[in-house]
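Peer 1: Data file work-v1.txt (compact mmCIF, C-alpha atoms and all ligand atoms) is appended below.
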# COMPACT_ATOMS: atom_id res chain seq x y z
CA MET A 26 22.55 -23.71 9.39
CA ILE A 27 23.16 -21.41 6.42
CA PHE A 28 25.81 -22.05 3.81
CA TRP A 29 27.72 -19.08 2.38
CA ILE A 30 30.43 -18.82 -0.26
CA ASP A 31 33.13 -16.20 0.19
CA THR A 32 34.16 -15.87 -3.47
CA HIS A 33 37.25 -13.78 -2.73
CA CYS A 34 39.38 -14.21 0.37
CA HIS A 35 43.17 -13.98 0.69
CA LEU A 36 43.33 -16.63 3.36
CA ASP A 37 47.08 -17.07 2.90
CA ALA A 38 47.79 -13.45 3.92
CA PRO A 39 50.12 -12.94 6.90
CA ASP A 40 47.21 -11.42 8.86
CA PHE A 41 45.83 -14.94 9.18
CA TRP A 42 48.98 -16.42 10.69
CA PRO A 43 48.81 -18.39 12.82
CA LEU A 44 46.13 -20.36 11.09
CA ALA A 45 44.58 -21.19 14.41
CA HIS A 46 43.19 -17.68 14.47
CA THR A 47 41.42 -18.18 11.16
CA ARG A 48 40.03 -21.55 12.12
CA GLN A 49 38.73 -20.02 15.31
CA ALA A 50 37.14 -17.17 13.39
CA LEU A 51 35.47 -19.58 11.00
CA VAL A 52 34.24 -21.86 13.74
CA ALA A 53 32.99 -18.91 15.79
CA THR A 54 30.07 -18.54 13.41
CA GLU A 55 27.05 -20.81 13.31
CA ASN A 56 27.24 -20.61 9.58
CA ILE A 57 29.47 -22.43 7.13
CA VAL A 58 31.64 -20.20 5.00
CA TYR A 59 33.34 -21.79 2.02
CA CYS A 60 36.20 -19.74 0.53
CA VAL A 61 37.75 -19.19 -2.87
CA ILE A 62 41.38 -18.17 -2.33
CA PRO A 63 42.95 -16.23 -5.23
CA ALA A 64 46.71 -16.10 -5.76
CA ILE A 65 48.44 -12.75 -6.27
CA HIS A 66 51.85 -13.77 -7.66
CA VAL A 67 53.74 -16.92 -8.60
CA ALA A 68 55.35 -17.05 -5.16
CA ASN A 69 52.04 -17.83 -3.45
CA PHE A 70 50.71 -20.42 -5.93
CA ASP A 71 51.76 -23.29 -3.64
CA ALA A 72 50.41 -21.55 -0.55
CA VAL A 73 46.90 -21.03 -1.93
CA ARG A 74 46.73 -24.55 -3.34
CA ASN A 75 47.93 -26.14 -0.09
CA LEU A 76 45.57 -24.03 1.97
CA ALA A 77 42.59 -24.89 -0.24
CA HIS A 78 43.35 -28.58 0.12
CA SER A 79 44.17 -28.59 3.81
CA GLN A 80 41.29 -26.31 4.84
CA ASN A 81 38.67 -27.62 2.42
CA HIS A 82 38.33 -24.52 0.23
CA SER A 83 38.95 -23.71 -3.45
CA TYR A 84 41.63 -21.57 -5.10
CA ALA A 85 42.57 -19.59 -8.21
CA LEU A 86 45.96 -18.97 -9.80
CA GLY A 87 47.02 -15.65 -11.27
CA ILE A 88 49.23 -12.57 -11.13
CA HIS A 89 47.56 -9.57 -9.48
CA PRO A 90 47.94 -6.14 -11.14
CA LEU A 91 49.58 -4.82 -7.95
CA SER A 92 52.23 -7.53 -8.35
CA VAL A 93 53.31 -6.70 -11.89
CA ALA A 94 56.00 -4.21 -10.84
CA HIS A 95 57.93 -7.17 -9.42
CA ALA A 96 56.78 -9.83 -11.87
CA HIS A 97 58.91 -11.24 -14.70
CA ASP A 98 57.71 -12.08 -18.20
CA ASP A 99 58.59 -15.70 -17.36
CA ASP A 100 55.91 -15.67 -14.67
CA VAL A 101 53.30 -16.05 -17.40
CA ALA A 102 55.05 -19.28 -18.47
CA ILE A 103 55.10 -20.42 -14.83
CA LEU A 104 51.36 -19.74 -14.57
CA ASP A 105 50.81 -21.64 -17.81
CA ALA A 106 52.80 -24.63 -16.54
CA THR A 107 51.05 -24.59 -13.15
CA LEU A 108 47.58 -24.41 -14.72
CA ASN A 109 48.60 -27.29 -16.96
CA GLN A 110 49.89 -29.34 -14.04
CA TYR A 111 46.79 -28.84 -11.91
CA GLN A 112 44.09 -28.60 -14.53
CA ASP A 113 42.41 -31.73 -13.15
CA ASP A 114 42.49 -30.43 -9.58
CA GLU A 115 38.84 -29.99 -8.66
CA ARG A 116 39.78 -27.24 -6.19
CA LEU A 117 41.35 -25.04 -8.89
CA VAL A 118 38.33 -23.05 -10.01
CA ALA A 119 39.59 -19.91 -11.84
CA VAL A 120 42.41 -17.76 -13.14
CA GLY A 121 42.83 -14.92 -10.66
CA GLU A 122 43.32 -12.50 -9.25
CA ILE A 123 44.00 -10.67 -12.52
CA GLY A 124 43.00 -7.30 -13.93
CA LEU A 125 44.06 -3.68 -13.96
CA ASP A 126 44.55 -1.08 -11.20
CA PHE A 127 44.65 2.58 -12.19
CA PHE A 128 44.02 3.83 -8.67
CA ASP A 129 47.49 3.59 -7.17
CA PRO A 130 49.60 6.48 -8.59
CA ALA A 131 52.75 4.38 -8.20
CA LEU A 132 51.31 1.95 -10.72
CA ASN A 133 50.17 4.59 -13.16
CA THR A 134 53.38 5.28 -15.01
CA ASP A 135 53.27 4.58 -18.75
CA LEU A 136 55.62 1.68 -18.30
CA LEU A 137 53.66 0.02 -15.51
CA CYS A 138 50.29 0.52 -17.22
CA GLU A 139 51.76 -1.24 -20.23
CA ARG A 140 53.04 -4.04 -17.99
CA GLN A 141 49.63 -4.37 -16.37
CA GLU A 142 47.98 -4.66 -19.79
CA PHE A 143 50.56 -7.25 -20.87
CA PHE A 144 49.97 -9.50 -17.85
CA PHE A 145 46.21 -9.02 -18.00
CA HIS A 146 45.94 -10.03 -21.65
CA GLU A 147 48.35 -12.96 -21.39
CA GLN A 148 46.34 -14.27 -18.45
CA LEU A 149 43.01 -13.84 -20.24
CA LYS A 150 44.48 -15.99 -23.01
CA LEU A 151 45.45 -18.65 -20.47
CA ALA A 152 41.96 -18.58 -18.95
CA ARG A 153 40.54 -19.28 -22.41
CA ARG A 154 43.06 -22.00 -23.12
CA TYR A 155 42.33 -23.82 -19.86
CA ARG A 156 38.60 -23.05 -20.02
CA LEU A 157 38.65 -21.43 -16.61
CA PRO A 158 36.63 -18.46 -15.33
CA VAL A 159 38.39 -15.25 -14.26
CA LEU A 160 38.50 -13.37 -10.94
CA LEU A 161 38.90 -9.74 -11.93
CA HIS A 162 40.39 -6.76 -10.11
CA THR A 163 38.91 -3.59 -11.63
CA ARG A 164 39.88 -0.68 -9.37
CA LYS A 165 39.43 2.54 -11.38
CA SER A 166 39.79 0.41 -14.51
CA VAL A 167 36.36 -1.04 -15.26
CA ASP A 168 36.17 0.24 -18.84
CA HIS A 169 39.69 -0.94 -19.69
CA VAL A 170 38.99 -4.36 -18.20
CA LEU A 171 35.79 -4.61 -20.23
CA GLN A 172 37.68 -3.62 -23.39
CA GLY A 173 40.24 -6.34 -22.65
CA LEU A 174 37.55 -8.97 -22.17
CA ARG A 175 35.86 -8.01 -25.41
CA ARG A 176 39.14 -7.98 -27.32
CA GLU A 177 40.22 -11.44 -26.13
CA ALA A 178 36.90 -13.15 -26.73
CA PRO A 179 34.61 -10.92 -28.77
CA ALA A 180 31.85 -13.43 -29.43
CA LEU A 181 32.25 -16.09 -26.79
CA GLY A 182 31.57 -14.36 -23.52
CA TRP A 183 33.16 -15.07 -20.17
CA ARG A 184 32.55 -16.70 -16.85
CA GLY A 185 33.80 -15.35 -13.57
CA ILE A 186 33.50 -12.43 -11.19
CA ALA A 187 34.26 -8.70 -11.27
CA HIS A 188 35.40 -8.62 -7.66
CA ALA A 189 34.73 -5.70 -5.27
CA PHE A 190 32.54 -4.12 -7.89
CA ASN A 191 32.00 -0.41 -7.37
CA GLY A 192 31.14 1.05 -10.75
CA SER A 193 28.14 2.62 -12.44
CA TRP A 194 24.88 0.95 -13.35
CA GLN A 195 26.00 0.99 -16.98
CA GLN A 196 29.31 -0.71 -16.14
CA ALA A 197 27.48 -3.29 -14.03
CA THR A 198 25.23 -4.08 -16.98
CA ALA A 199 28.24 -4.33 -19.29
CA PHE A 200 29.86 -6.96 -17.04
CA LEU A 201 26.61 -8.90 -16.86
CA ASP A 202 26.33 -8.76 -20.66
CA VAL A 203 29.72 -10.45 -21.11
CA GLY A 204 28.61 -13.19 -18.70
CA LEU A 205 30.21 -12.17 -15.40
CA LYS A 206 28.82 -11.86 -11.88
CA LEU A 207 29.55 -8.92 -9.60
CA GLY A 208 31.26 -9.37 -6.23
CA PHE A 209 29.89 -7.42 -3.23
CA GLY A 210 31.38 -7.30 0.25
CA GLY A 211 32.29 -5.12 3.21
CA ALA A 212 32.12 -1.86 1.26
CA LEU A 213 28.31 -2.02 1.15
CA THR A 214 28.07 -2.08 4.95
CA TYR A 215 28.98 1.63 5.22
CA PRO A 216 25.85 3.80 5.44
CA ARG A 217 27.63 6.54 3.49
CA ALA A 218 28.25 4.21 0.52
CA LEU A 219 24.96 5.38 -0.94
CA HIS A 220 25.69 4.63 -4.57
CA LEU A 221 26.99 1.12 -3.88
CA ARG A 222 24.08 0.31 -1.56
CA GLN A 223 21.62 1.55 -4.12
CA LEU A 224 23.28 -0.58 -6.79
CA ALA A 225 23.32 -3.65 -4.53
CA THR A 226 19.63 -3.14 -3.85
CA ALA A 227 18.51 -2.56 -7.43
CA LEU A 228 20.55 -5.06 -9.45
CA PRO A 229 18.91 -8.39 -10.21
CA LEU A 230 19.73 -10.90 -7.48
CA SER A 231 21.10 -13.23 -10.17
CA ALA A 232 23.93 -10.73 -10.78
CA MET A 233 25.53 -10.94 -7.35
CA VAL A 234 28.01 -12.99 -5.42
CA LEU A 235 29.41 -12.29 -1.96
CA GLU A 236 32.99 -11.82 -0.84
CA THR A 237 34.98 -10.46 2.10
CA ASP A 238 38.27 -9.76 0.26
CA ALA A 239 39.72 -10.49 3.71
CA PRO A 240 41.95 -9.33 5.22
CA ASP A 241 41.29 -6.16 3.14
CA MET A 242 37.99 -4.24 2.99
CA PRO A 243 36.86 -4.46 6.63
CA PRO A 244 33.10 -4.11 7.08
CA GLN A 245 31.91 -1.04 8.91
CA TRP A 246 31.73 -2.78 12.32
CA LEU A 247 35.46 -3.62 12.20
CA TYR A 248 36.70 -0.32 10.82
CA LYS A 249 38.54 2.00 13.18
CA THR A 250 39.03 5.66 12.34
CA ALA A 251 42.45 7.29 12.65
CA ALA A 252 41.29 8.83 15.95
CA GLN A 253 40.16 5.48 17.31
CA ARG A 254 43.43 3.87 16.26
CA ALA A 255 45.33 6.69 17.96
CA ALA A 256 43.33 5.94 21.11
CA ARG A 257 44.66 2.37 20.81
CA GLU A 258 41.39 0.76 19.92
CA PRO A 259 42.39 -2.51 18.29
CA GLN A 260 41.80 -2.81 14.57
CA GLY A 261 39.41 -5.70 13.88
CA ILE A 262 40.69 -8.37 11.51
CA ASN A 263 38.44 -8.95 8.55
CA SER A 264 37.98 -12.67 7.91
CA PRO A 265 35.53 -15.00 6.12
CA ALA A 266 33.65 -15.22 9.42
CA GLU A 267 32.27 -11.75 8.64
CA LEU A 268 30.54 -12.95 5.48
CA PRO A 269 27.22 -13.98 7.05
CA ARG A 270 26.83 -10.56 8.66
CA ILE A 271 27.67 -8.83 5.35
CA GLY A 272 25.11 -11.13 3.72
CA MET A 273 22.50 -10.23 6.33
CA GLU A 274 23.11 -6.55 5.70
CA LEU A 275 22.58 -7.04 1.96
CA ALA A 276 19.49 -9.17 2.60
CA ALA A 277 18.07 -6.35 4.74
CA LEU A 278 18.75 -3.82 1.97
CA ARG A 279 16.92 -6.02 -0.50
CA ALA A 280 14.16 -6.88 1.99
CA ILE A 281 14.63 -10.64 1.64
CA SER A 282 15.62 -13.29 4.19
CA ALA A 283 19.28 -14.10 4.84
CA ASP A 284 18.48 -17.68 3.90
CA ASP A 285 17.15 -16.67 0.48
CA LEU A 286 20.13 -14.40 -0.11
CA ALA A 287 22.60 -17.15 0.84
CA LYS A 288 20.89 -19.66 -1.45
CA ALA A 289 20.77 -17.25 -4.39
CA THR A 290 24.37 -16.06 -4.04
CA THR A 291 25.61 -19.65 -3.65
CA HIS A 292 23.74 -20.58 -6.82
CA ASN A 293 25.28 -17.57 -8.60
CA ALA A 294 28.79 -18.48 -7.38
CA LEU A 295 28.35 -21.97 -8.84
CA GLN A 296 27.36 -20.43 -12.15
CA ALA A 297 30.37 -18.11 -12.15
CA LEU A 298 32.78 -20.85 -11.00
CA PRO A 299 31.31 -24.14 -12.27
CA LYS A 300 34.08 -26.33 -10.81
CA LEU A 301 32.75 -25.53 -7.35
CA VAL A 302 30.01 -28.01 -8.17
CA ASP A 303 32.54 -30.84 -7.86
CA ILE A 304 33.23 -30.04 -4.23
CA ASP A 305 31.27 -32.43 -2.02
CA GLN A 306 30.54 -29.92 0.68
CA ILE A 307 28.66 -27.70 -1.76
ZN ZN B 1 41.87 -9.62 -3.87
The structure given in the file should be rewritten as structure tokens.
Peer 2:
Amino acid sequence: MIFWIDTHCHLDAPDFWPLAHTRQALVATENIVYCVIPAIHVANFDAVRNLAHSQNHSYALGIHPLSVAHAHDDDVAILDATLNQYQDDERLVAVGEIGLDFFDPALNTDLLCERQEFFFHEQLKLARRYRLPVLLHTRKSVDHVLQGLRREAPALGWRGIAHAFNGSWQQATAFLDVGLKLGFGGALTYPRALHLRQLATALPLSAMVLETDAPDMPPQWLYKTAAQRAAREPQGINSPAELPRIGMELAALRAISADDLAKATTHNALQALPKLVDIDQI
């Protein structure tokens, strides 16, 4: 039996209703997959906490950059109050998912970029105040996110994960230098993702944690092209149950055993998210 940690999984997403489907998917594997469930806006804080407790996983609280268009300034105060209320909850392991997204043109207006920066910085401050790691969203925004991290805590460094990392070698090194780990998942299973696969092969093993980002980011074996979808081939649902296979793919790239990869990435996840240590199962 191999133990894996899925450091980023939106298990509360509607794709996983009914929950029976998810349980089935998780039981279908011979492996154990333990999940960290990030929040994306104040409206799902209760859902991720309840799910973590009822399903024996962990969770993070935060306002996602793709949520800021609908978020209110008061939501920062709600996050503050909720972190305060649950700071002794052993299953609350980070502030997240937070960060910046400069990929989506709809979010790239001056006003919304400013709003993204506002929420990002306020939430970095809260992470410092509550001594929690961060789960970072960095799509087309790695350098800005790094600047933000350096500005909020120039000398102290950070703990946490740059999730779904897909930047340059230099950017990878910069994240490692401020104390973060890099999250790798389904994107590396595509043979054409040459740069990402090369990065995942060459980085030190101590830099990496695994994630599915489910239900987003389907691995290659679940992905259906537009033509396949038109031919009514069912779209596979990405779930934490895919993590062992993603891990095996990465292990093969690095020419190590799946067991060694699972052990190393679990160790790295505990370093990035130290409160995971308090969970009995781990
Ligand atoms: Zn996410």
Peer 1: Around ligand ZN 1 (chain B), at most 10 Å away and counting all atoms listed in the file, which residues are there? Put them as a PDB file with C-alpha atoms, keeping the file's coordinate frame, please.
Peer 2:
ATOM      1  CA  THR A  32      34.160 -15.870  -3.470  1.00  0.00           C
ATOM      2  CA  HIS A  33      37.250 -13.780  -2.730  1.00  0.00           C
ATOM      3  CA  CYS A  34      39.380 -14.210   0.370  1.00  0.00           C
ATOM      4  CA  HIS A  35      43.170 -13.980   0.690  1.00  0.00           C
ATOM      5  CA  ILE A  62      41.380 -18.170  -2.330  1.00  0.00           C
ATOM      6  CA  PRO A  63      42.950 -16.230  -5.230  1.00  0.00           C
ATOM      7  CA  ALA A  64      46.710 -16.100  -5.760  1.00  0.00           C
ATOM      8  CA  ILE A  65      48.440 -12.750  -6.270  1.00  0.00           C
ATOM      9  CA  HIS A  89      47.560  -9.570  -9.480  1.00  0.00           C
ATOM     10  CA  LEU A  91      49.580  -4.820  -7.950  1.00  0.00           C
ATOM     11  CA  GLY A 121      42.830 -14.920 -10.660  1.00  0.00           C
ATOM     12  CA  GLU A 122      43.320 -12.500  -9.250  1.00  0.00           C
ATOM     13  CA  ILE A 123      44.000 -10.670 -12.520  1.00  0.00           C
ATOM     14  CA  LEU A 160      38.500 -13.370 -10.940  1.00  0.00           C
ATOM     15  CA  LEU A 161      38.900  -9.740 -11.930  1.00  0.00           C
ATOM     16  CA  HIS A 162      40.390  -6.760 -10.110  1.00  0.00           C
ATOM     17  CA  HIS A 188      35.400  -8.620  -7.660  1.00  0.00           C
ATOM     18  CA  ALA A 189      34.730  -5.700  -5.270  1.00  0.00           C
ATOM     19  CA  GLU A 236      32.990 -11.820  -0.840  1.00  0.00           C
ATOM     20  CA  THR A 237      34.980 -10.460   2.100  1.00  0.00           C
ATOM     21  CA  ASP A 238      38.270  -9.760   0.260  1.00  0.00           C
ATOM     22  CA  ALA A 239      39.720 -10.490   3.710  1.00  0.00           C
ATOM     23  CA  PRO A 240      41.950  -9.330   5.220  1.00  0.00           C
ATOM     24  CA  ASP A 241      41.290  -6.160   3.140  1.00  0.00           C
ATOM     25  CA  MET A 242      37.990  -4.240   2.990  1.00  0.00           C
TER      26      MET A 242
END
Peer 1: Go through A:Val93, A:Leu228, A:Leu174, A:Val167 one by one, measure the shortest atom-to-atom distance of each to Arg153 in chain A using all atoms listed in the file, and give the residue with the smallest value.
Peer 2: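 Among the listed residues, A:Leu174 lies closest to Arg153 in chain A.
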Peer 1: How many Å lie between CA of Gln112 in chain A and CA of Phe145 in chain A, rounded to one decimal?
Peer 2: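 Separation of CA of Gln112 in chain A and CA of Phe145 in chain A: 20.0 Å.
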Peer 1: Find, counting only C-alpha atoms, the residue in A:His82, A:Arg164, A:Arg254, A:Arg156 that gets nearest to Arg184 in chain A.
Peer 2: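 Answer, going by the shortest atom-to-atom distance: A:Arg156.
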Peer 1: Considering all atoms listed in the file, state which residue in the set A:Asn133, A:Gln196, A:Gln80, A:Gln260 is at the smallest distance from Ala94 in chain A.
Peer 2: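 Result for the nearest residue to Ala94 in chain A: A:Asn133.
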Peer 1: Would you mind telling me which residue in A:Asp105, A:Asp71, A:Asp168, A:Glu267 lies nearest to Gly124 in chain A when using only C-alpha atoms?
Peer 2: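 Looking at the shortest contact to Gly124 in chain A, the residue is A:Asp168.
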